[in-house]
Amino acid sequence: MRSARVGDGEIAVDLQPVARFVSDWNDARDICGLDAADIAIRTHRPVIASCGNNFVFAEVKSRAALAKATVRADMLAKHVPMARAVGIHLYVGVEEPGVNIQSRMFAPLFGVPEDPATGSANVVLIGLLAHHLPEADLSLSRTIGQGFDMGRPSILQASAEKTAGRVIATFIGGRCVPMLSGEIDLT
């Protein structure tokens with residue numbers, strides 16, 4: 001993986017996708033306390049994918065299913081131990097003002113019950129979506145909302161370039177609100 005600052009808040013990442021299907025797609029359901037009917041498999045089955053940090057990616061069928069998801073750390077540890085993935089990233093396509101996708105990322109085994117903005121997961125998500133589209137050549141852009149269900153809404157701009165059937169680059173960027181500031185004296 002190679003990354004470089006491109007511009008105002010945007011980072012370009014070369015995606016070298018590593019994708020492995022989760023052994024049983026019901027694992028994603030169990031990890032997130034969802035019903036079998038809540039997990040979508042039309043784009044892809046739940047999969048572990050990475051451009052540095054491994055995440056389980058699962059599409060859900062509705063915004064309501066995304067909102068009701070609650071990660072079970074015991075089930076995550078059982079089905080996807082820390083050595084396999086950082087956490088689980090759920091998403092759904094939406095038509096909401098200013099947002100095409102809503103997502104949530106849970107990594108309780110790493111001390112992150114839920115993250116309001118996970119660039120390292122969403123940059124993989126846009127590459128995964130581009131990979132699964134039938135066009136051999138495309139530029140895909142999506143606006144991703146994350147953190148809405150935890151009261152810390154974030155908006156990320158994601159895009160992917162696909163050439164000759166291969167995702168060759170992904171981009172992620174956005175703005176943040178400072179949550180704290182301070183100084184560290186190293187003397």
# chains A, B, ... in the order shown; residues from 1 in each chain; ligands from 1
>>> select_by_dssp(residues="segment 66-106 of chain A", states="strand (DSSP E)", output="ChimeraX atom specification")
/A:87-96,99-106
>>> residues_around(residues="segment 33-41 of chain A", least_positions_apart="3", cutoff="9 Å", atoms="only C-alpha atoms", output="list of chain:residue names")
A:Trp25, A:Asn26, A:Ala28, A:Arg29, A:Asp30, A:His44, A:Arg45, A:Pro46, A:Ala58, A:Glu59, A:Val60, A:Lys61, A:Ser62, A:Ala65, A:Leu66, A:Lys68, A:Ala69, A:Thr70, A:Val71, A:Arg72, A:Val92
>>> select_by_dssp(residues="segment 43-126 of chain A", states="alpha helix (DSSP H)", output="PyMOL selection string")
chain A and resi 63-68+73-79+119-126
>>> residues_around(residues="Ile101 of chain A", least_positions_apart="3", cutoff="9 Å", atoms="only C-alpha atoms", output="list in words")
Tyr91, Val92, Gly93, Val94, Glu95, Glu96, Arg142, Thr143, Ile144, Gly145 and Gln146 of chain A
>>> residues_around(residues="Leu109 of chain A", least_positions_apart="4", cutoff="12 Å", atoms="only C-alpha atoms", output="compact mmCIF listing (two decimals) with all heavy atoms, in the first residue's frame")
# COMPACT_ATOMS: atom_id res chain seq x y z
N VAL A 71 -22.95 -4.44 17.86
CA VAL A 71 -21.92 -5.46 17.77
C VAL A 71 -21.84 -6.26 19.06
O VAL A 71 -22.00 -5.72 20.15
CB VAL A 71 -20.55 -4.84 17.41
CG1 VAL A 71 -19.97 -4.09 18.57
CG2 VAL A 71 -19.59 -5.90 16.93
N ARG A 72 -21.64 -7.54 18.90
CA ARG A 72 -21.41 -8.45 20.03
C ARG A 72 -19.96 -8.85 20.00
O ARG A 72 -19.53 -9.63 19.15
CB ARG A 72 -22.32 -9.67 19.92
CG ARG A 72 -23.78 -9.34 20.14
CD ARG A 72 -24.63 -10.57 20.26
NE ARG A 72 -24.05 -11.53 21.20
CZ ARG A 72 -24.40 -12.82 21.24
NH1 ARG A 72 -25.30 -13.28 20.42
NH2 ARG A 72 -23.84 -13.63 22.12
N ALA A 73 -19.17 -8.30 20.93
CA ALA A 73 -17.73 -8.55 20.97
C ALA A 73 -17.43 -10.04 21.10
O ALA A 73 -16.47 -10.53 20.50
CB ALA A 73 -17.09 -7.76 22.10
N ASP A 74 -18.26 -10.79 21.85
CA ASP A 74 -18.01 -12.22 22.01
C ASP A 74 -18.15 -12.96 20.68
O ASP A 74 -17.35 -13.84 20.37
CB ASP A 74 -18.93 -12.82 23.07
CG ASP A 74 -20.41 -12.71 22.73
OD1 ASP A 74 -20.82 -11.71 22.07
OD2 ASP A 74 -21.18 -13.61 23.12
N MET A 75 -19.13 -12.58 19.88
CA MET A 75 -19.33 -13.22 18.58
C MET A 75 -18.25 -12.78 17.58
O MET A 75 -17.80 -13.59 16.77
CB MET A 75 -20.72 -12.91 18.03
CG MET A 75 -21.85 -13.47 18.89
SD MET A 75 -21.75 -15.25 19.11
CE MET A 75 -22.40 -15.82 17.57
N LEU A 76 -17.83 -11.52 17.67
CA LEU A 76 -16.76 -11.05 16.80
C LEU A 76 -15.48 -11.83 17.11
O LEU A 76 -14.81 -12.32 16.20
CB LEU A 76 -16.53 -9.55 16.99
CG LEU A 76 -15.50 -8.89 16.07
CD1 LEU A 76 -15.89 -9.02 14.61
CD2 LEU A 76 -15.32 -7.43 16.45
N ALA A 77 -15.16 -11.99 18.39
CA ALA A 77 -13.96 -12.74 18.79
C ALA A 77 -14.05 -14.20 18.35
O ALA A 77 -13.04 -14.79 17.94
CB ALA A 77 -13.76 -12.66 20.30
N LYS A 78 -15.23 -14.77 18.39
CA LYS A 78 -15.42 -16.17 18.00
C LYS A 78 -15.26 -16.37 16.49
O LYS A 78 -14.58 -17.29 16.04
CB LYS A 78 -16.80 -16.65 18.44
CG LYS A 78 -17.15 -18.06 18.01
CD LYS A 78 -18.55 -18.45 18.45
CE LYS A 78 -18.92 -19.82 17.89
NZ LYS A 78 -20.30 -20.18 18.23
N VAL A 80 -14.39 -13.86 14.01
CA VAL A 80 -13.37 -13.06 13.33
C VAL A 80 -12.37 -12.57 14.38
O VAL A 80 -12.43 -11.43 14.83
CB VAL A 80 -13.99 -11.86 12.58
CG1 VAL A 80 -12.94 -11.17 11.72
CG2 VAL A 80 -15.17 -12.29 11.72
N PRO A 81 -11.44 -13.42 14.79
CA PRO A 81 -10.48 -13.01 15.81
C PRO A 81 -9.62 -11.84 15.36
O PRO A 81 -9.52 -11.54 14.17
CB PRO A 81 -9.64 -14.27 16.06
CG PRO A 81 -9.98 -15.21 14.98
CD PRO A 81 -11.24 -14.78 14.32
N MET A 82 -8.98 -11.19 16.31
CA MET A 82 -8.19 -9.99 16.05
C MET A 82 -7.15 -10.19 14.95
O MET A 82 -6.86 -9.26 14.21
CB MET A 82 -7.51 -9.51 17.33
CG MET A 82 -8.49 -8.98 18.36
SD MET A 82 -7.70 -8.63 19.95
CE MET A 82 -6.73 -7.19 19.56
N ALA A 83 -6.61 -11.37 14.82
CA ALA A 83 -5.60 -11.62 13.79
C ALA A 83 -6.19 -11.60 12.38
O ALA A 83 -5.47 -11.42 11.41
CB ALA A 83 -4.92 -12.97 14.04
N ARG A 84 -7.51 -11.77 12.25
CA ARG A 84 -8.15 -11.79 10.92
C ARG A 84 -8.66 -10.44 10.48
O ARG A 84 -8.66 -10.15 9.28
CB ARG A 84 -9.31 -12.78 10.91
CG ARG A 84 -8.85 -14.22 10.86
CD ARG A 84 -9.98 -15.17 10.57
NE ARG A 84 -10.48 -15.02 9.22
CZ ARG A 84 -11.70 -15.39 8.84
NH1 ARG A 84 -12.53 -15.91 9.70
NH2 ARG A 84 -12.08 -15.22 7.59
N ALA A 85 -9.17 -9.62 11.42
CA ALA A 85 -9.75 -8.34 11.02
C ALA A 85 -9.80 -7.38 12.21
O ALA A 85 -9.94 -7.81 13.35
CB ALA A 85 -11.15 -8.53 10.45
N VAL A 86 -9.72 -6.10 11.89
CA VAL A 86 -9.82 -5.05 12.91
C VAL A 86 -11.24 -4.95 13.43
O VAL A 86 -11.46 -4.79 14.63
CB VAL A 86 -9.38 -3.69 12.31
CG1 VAL A 86 -9.68 -2.54 13.25
CG2 VAL A 86 -7.90 -3.73 11.96
N GLY A 87 -12.21 -5.04 12.54
CA GLY A 87 -13.60 -4.90 12.94
C GLY A 87 -14.54 -5.21 11.81
O GLY A 87 -14.14 -5.76 10.77
N ILE A 88 -15.79 -4.84 12.00
CA ILE A 88 -16.82 -5.08 10.99
C ILE A 88 -17.38 -3.74 10.53
O ILE A 88 -17.66 -2.86 11.34
CB ILE A 88 -17.92 -6.03 11.51
CG1 ILE A 88 -18.89 -6.39 10.38
CG2 ILE A 88 -18.62 -5.48 12.72
CD1 ILE A 88 -19.75 -7.61 10.66
N PRO A 113 -15.63 0.79 20.36
CA PRO A 113 -16.99 0.25 20.27
C PRO A 113 -17.65 0.61 18.93
O PRO A 113 -18.29 -0.23 18.31
CB PRO A 113 -17.73 0.89 21.44
CG PRO A 113 -16.65 1.32 22.38
CD PRO A 113 -15.44 1.61 21.55
N GLU A 114 -17.50 1.87 18.51
CA GLU A 114 -17.97 2.33 17.20
C GLU A 114 -17.18 3.57 16.84
O GLU A 114 -16.90 4.41 17.70
CB GLU A 114 -19.47 2.64 17.22
CG GLU A 114 -20.00 3.05 15.86
CD GLU A 114 -21.52 3.14 15.76
OE1 GLU A 114 -22.21 2.88 16.77
OE2 GLU A 114 -22.00 3.48 14.66
>>> closest_atom_pairs(of="segment 37-152 of chain A", to="segment 160-173 of chain A", cutoff="8 Å", atoms="only C-alpha atoms", output="CSV")
residue,atom,partner,partner_atom,distance
A:Gly119,CA,A:Ile172,CA,6.4
A:Asn122,CA,A:Ile172,CA,7.3
A:Val123,CA,A:Ile172,CA,5.6
A:Val124,CA,A:Thr170,CA,7.7
A:Ile126,CA,A:Ala160,CA,6.1
A:Gly127,CA,A:Ala160,CA,5.7
A:Ala130,CA,A:Ala160,CA,6.5
A:His131,CA,A:Val167,CA,6.2
A:Glu135,CA,A:Gly165,CA,7.2
A:Ala136,CA,A:Gly165,CA,4.1
A:Asp137,CA,A:Thr163,CA,4.5
A:Leu138,CA,A:Lys162,CA,5.1
A:Ser139,CA,A:Glu161,CA,4.7
A:Leu140,CA,A:Ala160,CA,5.2
A:Ser141,CA,A:Ala160,CA,6.6
>>> write_last_selection(atoms="N, CA and C atoms", output="mmCIF file, in the first residue's frame")
data_model
loop_
_atom_site.group_PDB
_atom_site.id
_atom_site.type_symbol
_atom_site.label_atom_id
_atom_site.label_comp_id
_atom_site.auth_asym_id
_atom_site.auth_seq_id
_atom_site.Cartn_x
_atom_site.Cartn_y
_atom_site.Cartn_z
ATOM 1 N N GLY A 119 -11.787 6.271 7.691
ATOM 2 C CA GLY A 119 -11.252 6.396 6.343
ATOM 3 C C GLY A 119 -10.633 5.112 5.848
ATOM 4 N N ASN A 122 -13.575 2.916 4.735
ATOM 5 C CA ASN A 122 -14.349 3.435 3.608
ATOM 6 C C ASN A 122 -13.553 3.505 2.315
ATOM 7 N N VAL A 123 -12.226 3.655 2.405
ATOM 8 C CA VAL A 123 -11.415 3.632 1.188
ATOM 9 C C VAL A 123 -11.428 2.229 0.587
ATOM 10 N N VAL A 124 -11.505 1.210 1.417
ATOM 11 C CA VAL A 124 -11.632 -0.161 0.917
ATOM 12 C C VAL A 124 -13.036 -0.384 0.375
ATOM 13 N N ILE A 126 -15.116 1.693 -1.100
ATOM 14 C CA ILE A 126 -15.318 2.240 -2.445
ATOM 15 C C ILE A 126 -14.618 1.367 -3.485
ATOM 16 N N GLY A 127 -13.452 0.827 -3.133
ATOM 17 C CA GLY A 127 -12.761 -0.090 -4.048
ATOM 18 C C GLY A 127 -13.514 -1.389 -4.235
ATOM 19 N N ALA A 130 -16.480 -0.683 -6.526
ATOM 20 C CA ALA A 130 -16.024 -0.547 -7.917
ATOM 21 C C ALA A 130 -15.668 -1.919 -8.494
ATOM 22 N N HIS A 131 -15.001 -2.735 -7.698
ATOM 23 C CA HIS A 131 -14.609 -4.078 -8.132
ATOM 24 C C HIS A 131 -15.819 -4.895 -8.578
ATOM 25 N N GLU A 135 -18.695 -2.918 -15.206
ATOM 26 C CA GLU A 135 -17.905 -2.153 -16.158
ATOM 27 C C GLU A 135 -16.414 -2.415 -15.955
ATOM 28 N N ALA A 136 -15.688 -2.570 -17.040
ATOM 29 C CA ALA A 136 -14.242 -2.793 -16.968
ATOM 30 C C ALA A 136 -13.491 -1.500 -16.671
ATOM 31 N N ASP A 137 -14.047 -0.377 -17.117
ATOM 32 C CA ASP A 137 -13.418 0.929 -16.907
ATOM 33 C C ASP A 137 -14.457 1.873 -16.323
ATOM 34 N N LEU A 138 -14.127 2.479 -15.172
ATOM 35 C CA LEU A 138 -15.062 3.422 -14.579
ATOM 36 C C LEU A 138 -14.387 4.288 -13.535
ATOM 37 N N SER A 139 -15.028 5.409 -13.270
ATOM 38 C CA SER A 139 -14.702 6.265 -12.132
ATOM 39 C C SER A 139 -15.948 6.265 -11.264
ATOM 40 N N LEU A 140 -15.816 5.838 -10.030
ATOM 41 C CA LEU A 140 -16.948 5.736 -9.110
ATOM 42 C C LEU A 140 -16.732 6.699 -7.956
ATOM 43 N N SER A 141 -17.718 7.546 -7.706
ATOM 44 C CA SER A 141 -17.656 8.479 -6.574
ATOM 45 C C SER A 141 -18.904 8.313 -5.729
#
>>> closest_residue(among="A:Gly147, A:Leu156, A:Leu125, A:Leu186", to="Thr43 of chain A", atoms="only C-alpha atoms")
A:Leu125
>>> closest_residue(among="A:Leu180, A:Ala64, A:Leu90, A:Ala158", to="Ile48 of chain A", atoms="only C-alpha atoms")
A:Leu90
>>> closest_residue(among="A:Ser50, A:Ser181, A:Ser154, A:Ser103", to="Arg63 of chain A", atoms="only C-alpha atoms")
A:Ser103
